[in-house]
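What's in my_file13.cif: mmCIF, C-alpha atoms
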```cif
data_entry
loop_
_atom_site.label_atom_id
_atom_site.label_comp_id
_atom_site.auth_asym_id
_atom_site.auth_seq_id
_atom_site.Cartn_x
_atom_site.Cartn_y
_atom_site.Cartn_z
CA MET A 16 88.23 97.96 103.70
CA THR A 17 90.52 95.59 105.51
CA VAL A 18 93.14 95.04 108.20
CA ILE A 19 96.10 92.81 107.31
CA ALA A 20 98.74 91.75 109.84
CA LEU A 21 102.19 90.42 108.91
CA ALA A 22 104.18 88.44 111.46
CA GLY A 23 107.64 86.90 111.31
CA GLY A 24 109.83 84.43 113.13
CA LEU A 25 113.46 84.18 114.06
CA GLY A 26 116.11 85.76 111.88
CA ALA A 27 115.13 88.36 109.32
CA PRO A 28 112.41 86.81 107.14
CA GLY A 29 111.51 90.14 105.52
CA VAL A 30 108.35 91.27 107.32
CA THR A 31 108.97 95.01 107.05
CA THR A 32 110.21 94.76 103.46
CA ALA A 33 107.11 92.77 102.51
CA ALA A 34 104.89 95.26 104.33
CA MET A 35 106.49 98.17 102.47
CA ALA A 36 106.09 96.36 99.16
CA LEU A 37 102.39 95.85 99.86
CA LEU A 38 101.99 99.47 100.96
CA MET A 39 103.49 100.78 97.72
CA THR A 40 101.49 98.45 95.45
CA TRP A 41 98.15 98.24 97.28
CA PRO A 42 95.23 98.81 94.86
CA MET A 43 93.87 102.30 95.37
CA PRO A 44 90.31 103.04 94.21
CA GLN A 45 89.24 106.66 94.22
CA ASP A 46 89.17 108.30 97.68
CA HIS A 47 90.95 105.29 99.13
CA ARG A 48 93.93 105.24 101.53
CA VAL A 49 96.24 102.61 102.98
CA VAL A 50 98.20 102.86 106.24
CA LEU A 51 101.21 100.78 107.24
CA ALA A 52 101.51 100.63 111.03
CA GLU A 53 104.81 99.45 112.50
CA ALA A 54 103.66 97.64 115.63
CA ASP A 55 106.73 95.55 116.39
CA PRO A 56 107.46 95.78 120.16
CA ASP A 57 111.15 95.33 119.32
CA GLY A 58 111.15 98.69 117.52
CA GLY A 59 110.52 100.10 114.08
CA ALA A 60 112.83 100.04 111.07
CA ILE A 61 111.17 102.34 108.53
CA LEU A 62 112.38 105.70 109.86
CA PRO A 63 116.09 104.77 109.74
CA GLY A 64 115.58 102.38 106.82
CA ALA A 65 113.25 103.23 103.95
CA LEU A 66 113.00 106.88 105.04
CA GLN A 67 116.76 107.15 105.56
CA GLY A 68 116.47 109.14 108.77
CA THR A 69 114.91 112.11 106.96
CA LEU A 70 112.45 112.46 109.86
CA ASP A 71 113.25 112.60 113.54
CA ASN A 72 111.41 110.65 116.20
CA SER A 73 108.66 113.26 116.52
CA HIS A 74 106.30 110.96 114.62
CA GLY A 75 105.43 107.47 115.70
CA LEU A 76 103.83 104.91 117.88
CA ARG A 77 105.25 106.11 121.19
CA ASN A 78 103.34 109.39 120.95
CA LEU A 79 100.09 107.43 120.90
CA ALA A 80 100.76 106.11 124.40
CA VAL A 81 100.76 109.66 125.74
CA ALA A 82 97.69 110.61 123.71
CA SER A 83 95.79 107.53 124.85
CA ARG A 84 96.32 108.42 128.51
CA GLN A 85 94.81 111.83 127.72
CA GLY A 86 91.84 110.32 125.89
CA GLN A 87 93.04 111.66 122.55
CA LEU A 88 94.15 108.53 120.72
CA SER A 89 91.98 109.00 117.62
CA GLU A 90 92.96 112.62 117.10
CA ALA A 91 96.68 111.94 117.67
CA PHE A 92 96.72 108.95 115.33
CA TRP A 93 96.15 111.02 112.21
CA ARG A 94 98.88 113.49 113.18
CA GLN A 95 101.45 110.70 113.50
CA LEU A 96 101.07 109.40 109.95
CA VAL A 97 103.87 110.05 107.46
CA ASP A 98 103.20 110.39 103.73
CA VAL A 99 105.56 108.20 101.71
CA THR A 100 104.34 109.28 98.26
CA ASP A 101 106.47 111.56 96.12
CA ALA A 102 103.41 113.56 95.13
CA GLY A 103 102.33 114.25 98.70
CA SER A 104 98.93 112.75 98.02
CA ARG A 105 98.64 111.20 101.51
CA ASP A 106 97.10 108.03 100.16
CA ARG A 107 100.00 105.77 101.25
CA LEU A 108 100.86 106.49 104.86
CA VAL A 109 103.16 105.07 107.54
CA LEU A 110 102.76 105.08 111.30
CA PRO A 111 106.43 104.75 112.36
CA GLY A 112 107.21 102.25 115.09
CA LEU A 113 108.96 102.55 118.42
CA TYR A 114 112.51 103.83 118.14
CA ASP A 115 113.44 102.30 121.51
CA PRO A 116 112.16 98.82 122.54
CA ALA A 117 112.18 100.04 126.14
CA HIS A 118 109.05 102.03 125.26
CA ALA A 119 107.08 98.83 124.56
CA SER A 120 105.84 98.60 128.15
CA ALA A 121 104.16 102.01 127.85
CA MET A 122 102.18 100.68 124.88
CA GLU A 123 100.56 97.79 126.74
CA PRO A 124 97.30 99.63 127.56
CA VAL A 125 97.20 101.14 124.05
CA TRP A 126 97.20 98.02 121.87
CA ARG A 127 93.52 97.18 122.35
CA PRO A 128 92.12 100.67 121.61
CA LEU A 129 94.56 100.91 118.70
CA ALA A 130 93.23 97.63 117.30
CA ALA A 131 89.70 99.02 117.56
CA LEU A 132 90.83 102.18 115.78
CA PHE A 133 92.35 100.13 112.93
CA THR A 134 89.12 98.21 112.37
CA GLY A 135 87.07 101.39 112.66
CA ILE A 136 88.82 103.59 110.13
CA GLU A 137 87.59 101.51 107.24
CA ALA A 138 84.57 103.79 107.38
CA HIS A 139 86.97 106.55 106.30
CA GLY A 140 88.17 104.56 103.28
CA HIS A 141 91.39 103.28 104.86
CA ASP A 142 92.95 99.83 104.72
CA VAL A 143 95.60 98.99 107.32
CA ILE A 144 98.70 96.82 107.01
CA VAL A 145 100.15 95.99 110.43
CA ASP A 146 103.83 95.02 110.72
CA LEU A 147 103.97 92.88 113.87
CA GLY A 148 107.61 91.88 113.46
CA ARG A 149 108.87 88.88 115.40
CA ARG A 150 106.99 89.28 118.70
CA GLY A 151 104.02 91.50 117.95
CA ALA A 152 101.53 88.73 117.20
CA PHE A 153 101.73 87.57 120.82
CA GLY A 154 101.55 89.11 124.26
CA PRO A 155 99.71 92.41 124.82
CA SER A 156 100.06 93.46 121.17
CA GLY A 157 98.58 90.15 120.02
CA VAL A 158 95.15 91.79 119.98
CA LEU A 159 96.24 93.44 116.71
CA ALA A 160 96.50 90.00 115.13
CA GLN A 161 93.27 88.78 116.70
CA SER A 162 91.29 91.71 115.30
CA ALA A 163 92.75 91.52 111.78
CA ASP A 164 90.94 90.08 108.78
CA VAL A 165 94.05 88.16 107.69
CA VAL A 166 97.30 87.27 109.43
CA LEU A 167 100.18 86.27 107.19
CA VAL A 168 103.32 84.66 108.56
CA VAL A 169 106.29 85.84 106.49
CA ALA A 170 109.09 83.31 105.97
CA ARG A 171 111.85 82.58 103.55
CA SER A 172 111.67 79.22 101.80
CA THR A 173 114.67 77.91 103.75
CA LEU A 174 114.64 75.16 106.37
CA ARG A 175 115.70 77.49 109.19
CA SER A 176 113.05 80.08 108.41
CA LEU A 177 110.27 77.55 107.85
CA GLN A 178 110.99 75.78 111.13
CA SER A 179 110.61 79.10 112.92
CA ALA A 180 107.41 79.80 110.97
CA GLN A 181 105.98 76.43 111.99
CA VAL A 182 106.24 77.36 115.67
CA ARG A 183 104.57 80.71 114.99
CA LEU A 184 101.77 79.10 113.01
CA GLU A 185 100.97 76.62 115.77
CA ALA A 186 100.75 79.42 118.33
CA LEU A 187 98.63 81.59 116.03
CA ARG A 188 96.15 78.81 115.33
CA GLU A 189 95.50 78.65 119.05
CA SER A 190 95.35 82.40 119.69
CA LEU A 191 93.26 83.34 116.64
CA GLY A 192 90.63 80.71 117.24
CA GLY A 193 89.60 80.32 113.60
CA THR A 194 87.92 83.71 113.18
CA THR A 195 90.88 85.28 111.35
CA GLU A 196 92.20 83.94 108.06
CA LEU A 197 95.72 82.58 108.51
CA GLY A 198 98.19 82.19 105.66
CA MET A 199 101.80 82.56 104.64
CA LEU A 200 103.69 85.04 102.55
CA LEU A 201 106.71 83.17 101.24
CA VAL A 202 109.98 84.85 100.21
CA ASP A 203 111.41 82.55 97.54
CA GLU A 204 115.04 82.29 98.65
CA GLY A 205 115.36 78.60 99.46
CA PRO A 206 114.67 75.21 97.87
CA PHE A 207 111.13 74.61 99.11
CA SER A 208 108.16 75.25 96.83
CA LYS A 209 104.90 76.72 98.04
CA GLU A 210 103.23 73.32 97.59
CA GLU A 211 105.83 71.69 99.83
CA VAL A 212 105.34 74.43 102.38
CA ARG A 213 101.57 74.03 102.30
CA LYS A 214 101.83 70.27 102.68
CA HIS A 215 104.28 70.24 105.59
CA LEU A 216 103.03 73.28 107.50
CA GLY A 217 99.34 72.73 106.87
CA VAL A 218 98.60 76.29 105.80
CA GLY A 219 98.06 77.87 102.43
CA VAL A 220 100.71 80.08 100.86
CA THR A 221 98.73 83.20 100.04
CA ALA A 222 101.49 84.80 97.97
CA VAL A 223 105.14 84.44 97.01
CA LEU A 224 107.65 87.26 96.69
CA PRO A 225 110.89 86.68 94.78
CA TRP A 226 114.29 86.86 96.45
CA ARG A 227 115.64 90.10 94.98
CA PRO A 228 118.09 91.67 97.49
CA LYS A 229 118.86 94.80 95.43
CA GLU A 230 115.20 95.60 94.89
CA ALA A 231 114.35 94.74 98.50
CA ALA A 232 117.06 97.13 99.75
CA VAL A 233 115.10 100.05 98.30
CA LEU A 234 112.25 99.19 100.66
CA SER A 235 114.26 98.11 103.69
CA ASP A 236 117.15 100.62 103.61
CA GLY A 237 116.20 103.39 101.22
CA ALA A 238 118.79 102.24 98.68
CA GLU A 239 118.91 103.85 95.27
CA GLN A 240 116.27 102.40 92.99
CA PRO A 241 117.61 100.16 90.23
CA ARG A 242 116.37 100.73 86.70
CA ARG A 243 112.72 99.85 86.19
CA PHE A 244 112.23 99.21 89.89
CA GLU A 245 108.48 99.79 89.76
CA SER A 246 108.07 97.25 86.97
CA GLY A 247 110.63 94.82 88.41
CA GLU A 248 109.81 91.33 89.60
CA LEU A 249 109.52 92.21 93.29
CA MET A 250 106.97 94.96 92.82
CA ARG A 251 105.04 93.00 90.20
CA SER A 252 104.78 90.11 92.64
CA ALA A 253 103.73 92.48 95.43
CA ARG A 254 100.87 93.80 93.28
CA SER A 255 99.69 90.25 92.67
CA ALA A 256 100.04 89.49 96.39
CA ALA A 257 97.90 92.50 97.30
CA VAL A 258 95.11 91.32 95.00
CA ARG A 259 95.30 87.79 96.41
CA ILE A 260 95.15 89.12 99.97
CA GLN A 261 92.05 91.16 99.19
CA GLU A 262 90.44 88.04 97.73
CA LEU A 263 91.22 86.20 100.97
CA VAL A 264 89.60 88.99 102.96
CA ALA A 265 86.47 88.72 100.83
CA VAL A 266 86.31 84.97 101.50
CA ARG A 267 86.67 85.57 105.23
CA ARG A 268 83.95 88.21 105.37
CA THR A 269 81.58 86.05 103.36
CA ARG A 270 82.20 83.18 105.75
CA LEU A 271 81.48 85.32 108.81
CA ALA A 272 78.53 87.23 107.37
CA PRO A 273 75.13 86.61 109.01
CA PRO A 274 72.92 84.33 106.96
CA ALA A 275 70.52 85.97 104.56
CA GLY A 276 66.97 86.26 105.75
CA PRO A 277 63.67 87.78 104.61
CA VAL A 278 62.82 91.21 106.01
CA GLY A 279 59.58 92.77 104.87
CA GLY A 280 59.47 90.51 101.86
CA ARG A 281 63.04 91.32 100.87
CA VAL A 282 66.17 89.25 101.28
CA VAL A 283 68.97 91.04 103.11
CA THR A 284 72.50 90.07 104.02
CA GLY A 285 74.97 91.49 106.47
CA ALA A 286 78.74 91.65 106.63
CA ARG A 287 81.33 93.18 108.85
#
```
Rendering of file as structure tokens:
Amino acid sequence: MTVIALAGGLGAPGVTTAAMALLMTWPMPQDHRVVLAEADPDGGAILPGALQGTLDNSHGLRNLAVASRQGQLSEAFWRQLVDVTDAGSRDRLVLPGLYDPAHASAMEPVWRPLAALFTGIEAHGHDVIVDLGRRGAFGPSGVLAQSADVVLVVARSTLRSLQSAQVRLEALRESLGGTTELGMLLVDEGPFSKEEVRKHLGVGVTAVLPWRPKEAAVLSDGAEQPRRFESGELMRSARSAAVRIQELVAVRRTRLAPPAGPVGGRVVTGAR
């Protein structure tokens, strides 16, 4: 199981849309679940966007601040998750974000125990995708990035977006300290190829999503699905991205695993 964090820069690079695309295409072995947590201190977008306001603000991140003060964070977490599958299978779940950025200060003591919860629920067969938005990878909520297996900076392949991503990448290299895999998820809107991005920013492009505004609007704003949406280019690319991300997690865990050693005549290995 794994924890993936997506972070953005200035403008609207598409962090939440990319996170939703990964949520809906994440490989799902039997008895497996995936949770998308909106952890952007500036507020969440899924409730009024992809879910079209069909739920009120009774579910979401803010409720965890109250529960944490009462020592009930773990129990409350599961009650705040929203099923986004048509079949009600509860295998693709969303933790809605803050509906008012003013509530971000109340979350400051919650980020660290929430990060521990995210890394701990893999024992229950859950992967976690964390939408950190523009500011969430830094400050008090930065612990969510630091405890992730992989942090991906989302940017469009335009000069303005890539310049903003460069600043974020430099700051993340310092804060992550090399223990978390760092990469980019590129939205292919502009003229720069992933090889050019890798060369100039000094970080690998883990995956590329196509610039498809009509398909993206389904995920960002709950727009009506175009024909063959599930088999369209955006979702196909998201499926490939999910596989590539899982491969990156495997590389990271192999790198951090304790060296093999003989125990009672047998060779054993360990991993997180």
**Request:** Determine the residue membership of the PyMOL selection byres ((chain A and resi 218-226) around 8) for the file above and supply it as a list in words.
**Result:** Leu167, Leu197, Gly198, Met199, Leu200, Leu201, Val202, Asp203, Glu204, Lys209, Glu210, Val212, Arg213, Lys214, Leu216, Gly217, Arg227, Pro228, Glu248, Leu249, Ser252, Ala253, Ser255, Ala256, Arg259 and Ile260 of chain A
**Request:** Considering only C-alpha atoms, return as a count of residues only whatever protein or nucleic-acid residues lie within 9 Å of region 111-126 of chain A, sequence-local ones (same chain, fewer than 4 positions apart) excluded.
**Result:** 33
**Request:** Work out how far CA of Gln87 (chain A) is from CA of Val30 (chain A), in Å to one decimal.
**Result:** 29.7 Å
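Taking all atoms listed in the file into account, Ala231 (chain A) lies nearest to A:Met250 out of the set A:Met250, A:Val166, A:Val143, A:Leu25.
One finds CA of Gly151 (chain A) at 9.3 Å from CA of Leu21 (chain A).
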**Prompt:** CA of Asp71 (chain A) to CA of Asp98 (chain A): how many Å, to one decimal?
**Reply:** 14.2 Å
**Prompt:** Hey, which of A:Thr194, A:Gly64, A:Arg243, A:Leu174 ends up closest to Ala272 (chain A)? Count only C-alpha atoms.
**Reply:** A:Thr194
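Each of A:Leu129, A:Val145, A:Leu110, A:Val18 was compared to Val264 (chain A) using all atoms listed in the file, and A:Val18 turns out to be the nearest.
Between Gly86 (chain A) and the residues A:Asp101, A:Pro128, A:Gly29, A:Ser235, the shortest atom-to-atom distance, using only C-alpha atoms, involves A:Pro128.
Picked out by the PyMOL selection byres ((chain A and resi 188) around 12) when it runs on this file: Ala152, Phe153, Ala160, Gln161, Val166, Leu167, Val168, Gln181, Val182, Arg183, Leu184, Glu185, Ala186, Leu187, Glu189, Ser190, Leu191, Gly192, Gly193, Thr194, Thr195, Glu196, Leu197, Gly198, Leu216, Gly217 and Val218 of chain A.
Proximity ranking of A:Gln261, A:Ser172, A:Thr31, A:Thr17 relative to Glu137 (chain A) places A:Thr17 first, based on all atoms listed in the file.
Each of A:Asp164, A:Glu245, A:Glu211, A:Glu230 was checked against Val266 (chain A) using all atoms listed in the file; the smallest atom-to-atom distance is that of A:Asp164.
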